[in-house]
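Engineer: Quick one: the structure is below, and I'll ask about it shortly.
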Amino acid sequence: MDGSAARKVARSKKAARSAAIRSRDAAVAVAQRPSTGGVLQLLWRERQISRAEIARRTGLSRSTVSEIVGDLLKTRLVAEVGDGASQGGRRPIVLQFQDDAYGILGIDMGAAHIAAALVNLRGQVIAWEHRSHPVRTDPEGAVSLMIELSEACLRQWKLGADRLVGIGVAVPSPVDPKDPDRVSEVVMPAWQGHNVGEALRKRFRVPVLVDNDANLGALAERWWGAGRGIDDFTYVKVATGVGAGHIIHGEIYRGAHGIAGEIGHLTIDPQGEPCLCGLRGCLATRVGSRALVAHASALLQGHPESALAGREVTITAIEDAALGGDPLALQVVREAAEYLGIAVAGMLNLMNPARIIIGGGLARLGELLLATLRRSVTGRTLVSSIAPTEIVTSELGARAVALGAATLVLQTALADLRHFRIAAAGN
Ligand SMILES: [Zn+2]
């Protein structure tokens, strides 16, 4: 994407968000002054800070800082929590960011499940709901279930729905930044003509932001996980599908049409099995959950002694058996790691990230997966590109993608005070 196209996309996204915020409730929105976002972000980062220190750190005048802080106090995002240490004169009043003043819903729409997390403004999960569902083939049911699980989360919250900032939705499909409510008809044909965010917007009257699941896993790692403090890294999600999210210069890199990171459909074996996407021998046909279940089931014919024999073979059963040292399960995992290594090696040569973070269900295998993956990668990369790159597993677990979806909303909201509302008197 060249600079002017990037600016155009940024402008149209900004316009869409502003419209969404205005339509919610113009009467109670707070003014967004030019410097408000910077002050709000500083307060979020520091948690506790005085007005004088904000002025010193931002270069804003004391009166401008006082006006902005006045707006923030009205929204309850910030509270005065007592006196700080004196620096010669009057002791300054300490302002504290209020993590629990608002909530955000993050929805993880997988190929075969939906999960919803209600989180506070510090990424802490307040409520969590999870249900299996054939999302790829049942869009109407999936949209209803997103609403149902969101309502279930909100019922467990002591605050009212007027404190909900917005909803982030992660989808297992490329997302075009110019039309984020549509999923790819190639990857999810049943969703043709269906809209991901519309019903949620109507029901909850808040902004709804949609992005790819691996992108949002990457964002969660950047804010809360193994990507903290790292400006260039790649998150690889290995689940039913396989995808990657790139953080470049600290931001999600989506590419021109939102397809960046779709490593699940790299051709690994030109003569391989047909893939859902219509191609043949994609990485997902070797490493995706369905492929591993099929492969383990086939191998079981010759291995009645395996821990997997005589029970339903699921991806969780394979992971459990591998953790228990079952040779057949370990063989399946090692072969998957070998193939994954081919794709990761290519990515290292292309992007040279500082770190690769493996997420999704297989990540809980830790070193069982990583040892083979590292060997596979090392054999296929330029020495200079692999040497400093660490390959680690996610520490955020099964909630990473939902948390990332909520984080997308948090990131947007911390830049624009109009996402928050003025407290009614006596409230
Ligand atoms: Zn494919």
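We label chains A, B, ... in the order they appear in the structure tokens, count residues from 1 in each chain, and number ligands from 1 in the order shown.
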Set the distance at 9 Å and use only C-alpha atoms: which residues neighbour Trp191 in chain A once local chain neighbours fewer than 5 positions away are removed? I'd like the list as a list of chain:residue names.
Structural biologist: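 Counting only C-alpha atoms, the residues come to A:Arg136, A:Thr137, A:Asp138, A:Pro139, A:Glu140, A:Arg182, A:Val183, A:Ser184, A:Glu185, A:Val196.
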Engineer: Those same residues, written as a PDB file, in the first residue's frame with C-alpha atoms?
Structural biologist:
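Full text of out39.pdb as output:
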ATOM      1  CA  ARG A 136     -18.306 -21.646   8.757  1.00  0.00           C
ATOM      2  CA  THR A 137     -21.609 -23.145   7.610  1.00  0.00           C
ATOM      3  CA  ASP A 138     -24.153 -21.320   9.818  1.00  0.00           C
ATOM      4  CA  PRO A 139     -23.744 -17.532   9.672  1.00  0.00           C
ATOM      5  CA  GLU A 140     -27.220 -16.712  11.081  1.00  0.00           C
ATOM      6  CA  ARG A 182     -17.437  -9.036   5.188  1.00  0.00           C
ATOM      7  CA  VAL A 183     -15.483 -12.246   5.564  1.00  0.00           C
ATOM      8  CA  SER A 184     -13.784 -13.920   2.600  1.00  0.00           C
ATOM      9  CA  GLU A 185     -16.193 -15.856   0.408  1.00  0.00           C
ATOM     10  CA  VAL A 196     -20.378  -9.708  10.803  1.00  0.00           C
TER      11      VAL A 196
END
Engineer: Write as a ChimeraX atom specification the residues around ligand 1, taking 7 Å as the cut-off and counting only C-alpha atoms and all ligand atoms.
Structural biologist: /A:264-265,275-280,282,284
Engineer: Hey, which of A:Glu53, A:Met146, A:Trp44, A:Thr267 ends up closest to Ser66 in chain A? Count only C-alpha atoms.
Structural biologist: A:Glu53
Engineer: Rank nothing, just name the residue among A:Gly229, A:Gly361, A:Val293, A:Leu95 nearest to Gly70 in chain A, using only C-alpha atoms.
Structural biologist: A:Leu95
Engineer: Mind the document's chain letters and residue numbers, and return as a PyMOL selection string the residues of range 16-124 of chain A that DSSP labels strand (DSSP E).
Structural biologist: chain A and resi 48-50+78-83+93-97+103-109+113-119
